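Chemist: Sharing a structure, written as structure tokens. Questions coming.
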There are 4 protein chains.
Amino acid sequence: MTLFETDLPTMATSIGRSTADDIWVQGYNLADELMGEVDFGSVFYLLITGRLPSAGEARIFNAVLVALADHGLTPTALAARLTYTGAPDSIQGAVAAGVLGAGSVFLGVFEDAGRVLTAAAPDAATSDEELDRLAAGIVENHRSRGARIPGLGHPFHKNGDPRTARLLAMARELDVLGPHTRLMLRVQAQATSPSGKPLPLNAGGACGALLCDLGIDTAVLRGVAVVSRAAGVVGHLAEEARAPMGRTLWYLAEREASYEPRR
Amino acid sequence: MTLFETDLPTMATSIGRSTADDIWVQGYNLADELMGEVDFGSVFYLLITGRLPSAGEARIFNAVLVALADHGLTPTALAARLTYTGAPDSIQGAVAAGVLGAGSVFLGVFEDAGRVLTAAAPDAATSDEELDRLAAGIVENHRSRGARIPGLGHPFHKNGDPRTARLLAMARELDVLGPHTRLMLRVQAQATSPSGKPLPLNAGGACGALLCDLGIDTAVLRGVAVVSRAAGVVGHLAEEARAPMGRTLWYLAEREASYEPRR
Amino acid sequence: MTLFETDLPTMATSIGRSTADDIWVQGYNLADELMGEVDFGSVFYLLITGRLPSAGEARIFNAVLVALADHGLTPTALAARLTYTGAPDSIQGAVAAGVLGAGSVFLGVFEDAGRVLTAAAPDAATSDEELDRLAAGIVENHRSRGARIPGLGHPFHKNGDPRTARLLAMARELDVLGPHTRLMLRVQAQATSPSGKPLPLNAGGACGALLCDLGIDTAVLRGVAVVSRAAGVVGHLAEEARAPMGRTLWYLAEREASYEPRR
Amino acid sequence: MTLFETDLPTMATSIGRSTADDIWVQGYNLADELMGEVDFGSVFYLLITGRLPSAGEARIFNAVLVALADHGLTPTALAARLTYTGAPDSIQGAVAAGVLGAGSVFLGVFEDAGRVLTAAAPDAATSDEELDRLAAGIVENHRSRGARIPGLGHPFHKNGDPRTARLLAMARELDVLGPHTRLMLRVQAQATSPSGKPLPLNAGGACGALLCDLGIDTAVLRGVAVVSRAAGVVGHLAEEARAPMGRTLWYLAEREASYEPRR
């Protein structure tokens, strides 16, 4: 007898199913109701949340995806290009290598900010005073632990992340700036760096807050960023196929690094 | 002296760059010119090709992304869910595991069809007679090698893949049905199964041909499918976080598989 | 001007270097001093720690690698097989998919146990009384937070994990049972389940403690398990290539799971 | 009705199974018969082939694993380090990124050489004359197609790969140099570069041939290299955790690459 001779829980999915004549995605007929009817970003939203976004939600969700897709020769782009150098016939592997770097340091801020905000559980009925109080609690909690508040500050964009202003302006205009983002803005207003300077709201913090307002589960917040970044990675691989830099990166590393065995 | 003391080729990229105040993507100001102005599918197209799509190109490119995003509990979805079971705090790893199965057997058809079509090098000026001749060459080449023509036939959708009809109707309506797709249709019309039956054009073949018409490099055709499928995988992971089936799949496999050591 | 116009730190590595005639690994001539002279497990130890293990260290390190390599159709094995189903010509992708599940839930215990033990910083000079005191602190710390102590308890091997007894017996015999393992054993002796029952030391806890005694950095403890598990995954893929079960798993999932769209 | 309502093939595995008291690997009791009794390399061989290696087979298999583990700051090592920079808490992801580059360009030669040799199907009874004839066929087949013979030539080790000589000497001494390696040596003796120069047998070619002689299925030849390289990658990650170079690589790439948008 093995260890697994027990009754198993039933399994259910709402995501998709194929029959001989049709493909269903979240209860929609893929060919008739989704293809050509809604954009890819909206179908991605449908896949995650189980419902199609409103027009405003679709625009802000697309803007978040656009914001995170690429910003140059980042570690994720370089890892993907170097992987492609060794395995050009398995482009899925190079994309996978690229997104594997979308972890706690870079795109994790996204999820971390989302977790801080959803833990405070603001909703549409939360008053401004209550949001101020929740924000003060978050700021104090991090200050007492000597921890950085996820979503604030940026190593390069000292004057403010250009994506943040655009996202917030759009969200206001589209009337999708909800309680999580309102709370995030209050946190930003109250927080300061260890040396007492104000900290700008970075794109990760803004995106995390806006996605919470859009009803995205914090468990997959980083997954949204991963799909967005995958598009950037494929862009880099298209360029790498045409004008490779992988070997130059390799030789550069070998040339610049000294060999210092400890033996 | 090491092996790498040589002059290195210069490196250049058109994809992206950050300055203190701005982020540039393919020469566009990300915050001002792309976010909120174009949908995510169009920015993905820009990242790959270096130019924004026309309205018709954007619609068909989005429809291709929507077509491939998901169709249920496929091996890629299951691999992602099982990976999430062991590593729920690294969702990027579960997405990567999911897309790693997007290889030669499933989404490879995409790229294979594209390679067959681009090797024939049809263009806008190619006449119908010439397309018929090129199609006959492709069919004969595969028949003589006993090889299947990529993009034709489907194990489940015997009466035709529902996505194919929709894509072709859209492409005609939008006037983006170009020489690669015209050639693919002629190949389909001429080819038959080993038993002499007609073979439907499957979604992979239609998508591959349409993407070639859109100017996507065959080197990254599969990459387009990978990004699309990544969205489906994140949908599955959102569900897995809420209503897990990973352990049931595991116990089911242990229960159903007999243990037969060769010793 | 871009953001990166600053002086860069120098880079150095002790791991490896190639010249026209030789390959060096941690200061050893690979062909002359390592190949045929030491087993693969010992070279793995050298790669991580910068020195070759003693005979006793090599035996226990190999035993740990053997202990973790495989135990059947686990989620990691299934994810690898399902990935192989879609991408059989990219076996590196199937191995990667397999190891991506070696995360916090399964092999993470390894690293978690190591972090708890190294945080207490026991060394060869720590007395038994001091170890008892450190163990009591660890037990109390977890009890007060309602947290499980990593390395204790096992869902299946209720009477004790068979690998643990073997590893401890070997470590005693080889005289490599050091302060981290001695501390772990005291933690096990003092801890109980919420219902007051003793908790066996599982293989993850034993391996984590022994590897700390071997001088493995906690940052890569899980990496040791990943390499071990990669060997098991390749074993599964060799079988999958010969006697596939990937499609059966797929169809089984589709058959057993109900489709319940939320729309 | 869905598409999967058919009888499913049975599933069987010889790899492993857990019961409440024991863990079985290829029919061996893991704790009693493998741990401490055989080295990790031998258990890896057991996992793939279903049997334990002889003493000579174990030594040469370990030597192959040692040969391929690392040779410095290769693209695989760099991709792993850059992934670790972004996701240090998911070391399995960094290892996966590293092995994903073990594809057709670098470690694929391994598998390619193995496929060429097994296609010729030499066995212990094949005479020297027949081996010469088979070798001539292989050389002629590649020459006529203008294709390179996998396993011959090396971009850096022009005078011969130092690992090859060592492996061949060991194989002769241990009497495990079988028909595939004898054939590979004859291919090497007969082949020349396009300019007429002799081509050395590289480590990939030697390892591929020796592994075929050891009875490793060509489907997983590259998988052997992947496990070996995973050990090297973990070595690099241990160093990266201690003395990081990931950010320097990133800034170096941003600094050295010019930004040349096509817009």
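Residue numbering restarts at 1 in every chain; chains get A, B, ... in the order shown in the structure tokens, and ligands count up from 1 in that same order.
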Run DSSP on the backbone and grab whatever in range 53-225 of chain C lands in alpha helix (DSSP H); send it over as a PyMOL selection string.
Modeler: chain C and resi 55-68+75-86+91-100+108-120+128-145+162-174+179-190+203-213+221-225
Chemist: For Val220 in chain D, list every protein, DNA or RNA residue within 9 Å, evaluated using only C-alpha atoms, and leave out those in the same chain fewer than 6 positions away; present the list as a PyMOL selection string.
Modeler: (chain C and resi 91+234-235+237-238+241) or (chain D and resi 48+111)
Chemist: What's the 7 Å shell around Ser258 in chain D, counting only C-alpha atoms, without same-chain residues fewer than 6 positions away, as an MDAnalysis selection string?
Modeler: chainID B and resid 11:13
Chemist: Go ahead and write the residues just picked, C-alpha atoms, as a PDB file, in the first residue's frame.
Modeler:
```pdb
ATOM      1  CA  MET B  11      26.863  46.632 -28.799  1.00  0.00           C
ATOM      2  CA  ALA B  12      23.740  48.585 -29.701  1.00  0.00           C
ATOM      3  CA  THR B  13      20.070  48.342 -28.840  1.00  0.00           C
TER       4      THR B  13
END
```
Chemist: Hey, could you make a per-residue contact list for chain B against chain D with 8 Å as the cut-off, showing the nearest pair of atoms and its distance in Å to one decimal, counting only C-alpha atoms, sorted by chain and number, as CSV?
Modeler:
```
residue,atom,partner,partner_atom,distance
B:Leu3,CA,D:Phe156,CA,6.8
B:Thr10,CA,D:Ala257,CA,7.0
B:Met11,CA,D:Ala257,CA,4.5
B:Ala12,CA,D:Ser258,CA,4.6
B:Thr13,CA,D:Tyr259,CA,5.2
B:Ser14,CA,D:Pro261,CA,4.1
B:Ile15,CA,D:Pro261,CA,6.9
B:Gly16,CA,D:Tyr259,CA,7.4
B:Arg17,CA,D:Tyr259,CA,6.9
B:Gln26,CA,D:Pro261,CA,5.2
B:Gly27,CA,D:Pro261,CA,4.9
B:Tyr28,CA,D:Arg263,CA,7.9
B:Gly50,CA,D:Arg262,CA,6.5
B:Arg51,CA,D:Arg263,CA,7.1
B:Ser90,CA,D:Ser90,CA,6.5
B:Gly93,CA,D:Gly93,CA,6.1
B:Phe156,CA,D:Leu3,CA,6.8
B:Glu256,CA,D:Met11,CA,6.7
B:Ala257,CA,D:Met11,CA,4.5
B:Ser258,CA,D:Ala12,CA,4.6
B:Tyr259,CA,D:Thr13,CA,5.2
B:Glu260,CA,D:Ser14,CA,4.7
B:Pro261,CA,D:Ser14,CA,4.1
B:Arg262,CA,D:Ser14,CA,6.3
B:Arg263,CA,D:Gly27,CA,5.6
```
Chemist: Quick one: residues within 10 Å of Ala189 in chain B, only C-alpha atoms counted, chain neighbours fewer than 5 positions away excluded, as a list in words?
Modeler: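 That gives Asp132, Ala135, Ala136, Leu183, Met184, Pro198, Leu199, Pro200 and Leu201 of chain B.
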Chemist: Can you pull out the residues contacting Phe110 in chain D? Cut-off 7 Å, using only C-alpha atoms, and skip same-chain residues under 6 positions away; I want them as a PDB file with all heavy atoms, in the first residue's frame.
Modeler:
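Printed below is selection_34.pdb as written:
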```pdb
ATOM      1  N   GLY D 204      32.905  17.770 -25.596  1.00  0.00           N
ATOM      2  CA  GLY D 204      31.524  17.400 -25.871  1.00  0.00           C
ATOM      3  C   GLY D 204      31.441  16.113 -26.670  1.00  0.00           C
ATOM      4  O   GLY D 204      30.642  15.221 -26.371  1.00  0.00           O
ATOM      5  N   GLY D 205      32.275  16.008 -27.687  1.00  0.00           N
ATOM      6  CA  GLY D 205      32.282  14.806 -28.510  1.00  0.00           C
ATOM      7  C   GLY D 205      32.744  13.583 -27.723  1.00  0.00           C
ATOM      8  O   GLY D 205      32.159  12.494 -27.828  1.00  0.00           O
ATOM      9  N   CYS D 207      32.670  13.173 -24.416  1.00  0.00           N
ATOM     10  CA  CYS D 207      31.670  12.846 -23.392  1.00  0.00           C
ATOM     11  C   CYS D 207      30.450  12.169 -24.021  1.00  0.00           C
ATOM     12  O   CYS D 207      29.939  11.172 -23.498  1.00  0.00           O
ATOM     13  CB  CYS D 207      31.216  14.106 -22.662  1.00  0.00           C
ATOM     14  SG  CYS D 207      32.476  14.836 -21.597  1.00  0.00           S
ATOM     15  N   GLY D 208      29.994  12.720 -25.152  1.00  0.00           N
ATOM     16  CA  GLY D 208      28.840  12.127 -25.817  1.00  0.00           C
ATOM     17  C   GLY D 208      29.092  10.672 -26.186  1.00  0.00           C
ATOM     18  O   GLY D 208      28.259   9.792 -25.949  1.00  0.00           O
ATOM     19  N   LEU D 221      20.999  12.556 -23.035  1.00  0.00           N
ATOM     20  CA  LEU D 221      22.442  12.879 -22.998  1.00  0.00           C
ATOM     21  C   LEU D 221      22.662  14.309 -22.513  1.00  0.00           C
ATOM     22  O   LEU D 221      23.508  14.587 -21.666  1.00  0.00           O
ATOM     23  CB  LEU D 221      23.051  12.753 -24.390  1.00  0.00           C
ATOM     24  CG  LEU D 221      23.495  11.366 -24.844  1.00  0.00           C
ATOM     25  CD1 LEU D 221      24.126  11.488 -26.220  1.00  0.00           C
ATOM     26  CD2 LEU D 221      24.463  10.755 -23.844  1.00  0.00           C
ATOM     27  N   ARG D 222      21.894  15.221 -23.077  1.00  0.00           N
ATOM     28  CA  ARG D 222      22.054  16.614 -22.693  1.00  0.00           C
ATOM     29  C   ARG D 222      21.637  16.824 -21.231  1.00  0.00           C
ATOM     30  O   ARG D 222      22.147  17.704 -20.556  1.00  0.00           O
ATOM     31  CB  ARG D 222      21.210  17.495 -23.607  1.00  0.00           C
ATOM     32  CG  ARG D 222      21.727  18.900 -23.726  1.00  0.00           C
ATOM     33  CD  ARG D 222      20.746  19.825 -24.418  1.00  0.00           C
ATOM     34  NE  ARG D 222      20.564  19.534 -25.837  1.00  0.00           N
ATOM     35  CZ  ARG D 222      19.750  20.233 -26.629  1.00  0.00           C
ATOM     36  NH1 ARG D 222      19.045  21.241 -26.133  1.00  0.00           N
ATOM     37  NH2 ARG D 222      19.621  19.918 -27.890  1.00  0.00           N
TER      38      ARG D 222
END
```
Chemist: As a VMD selection string, please: every residue in range 23-134 of chain A that a backbone DSSP assignment puts in strand (DSSP E or B).
Modeler: chain A and resid 23 to 25 28 to 29
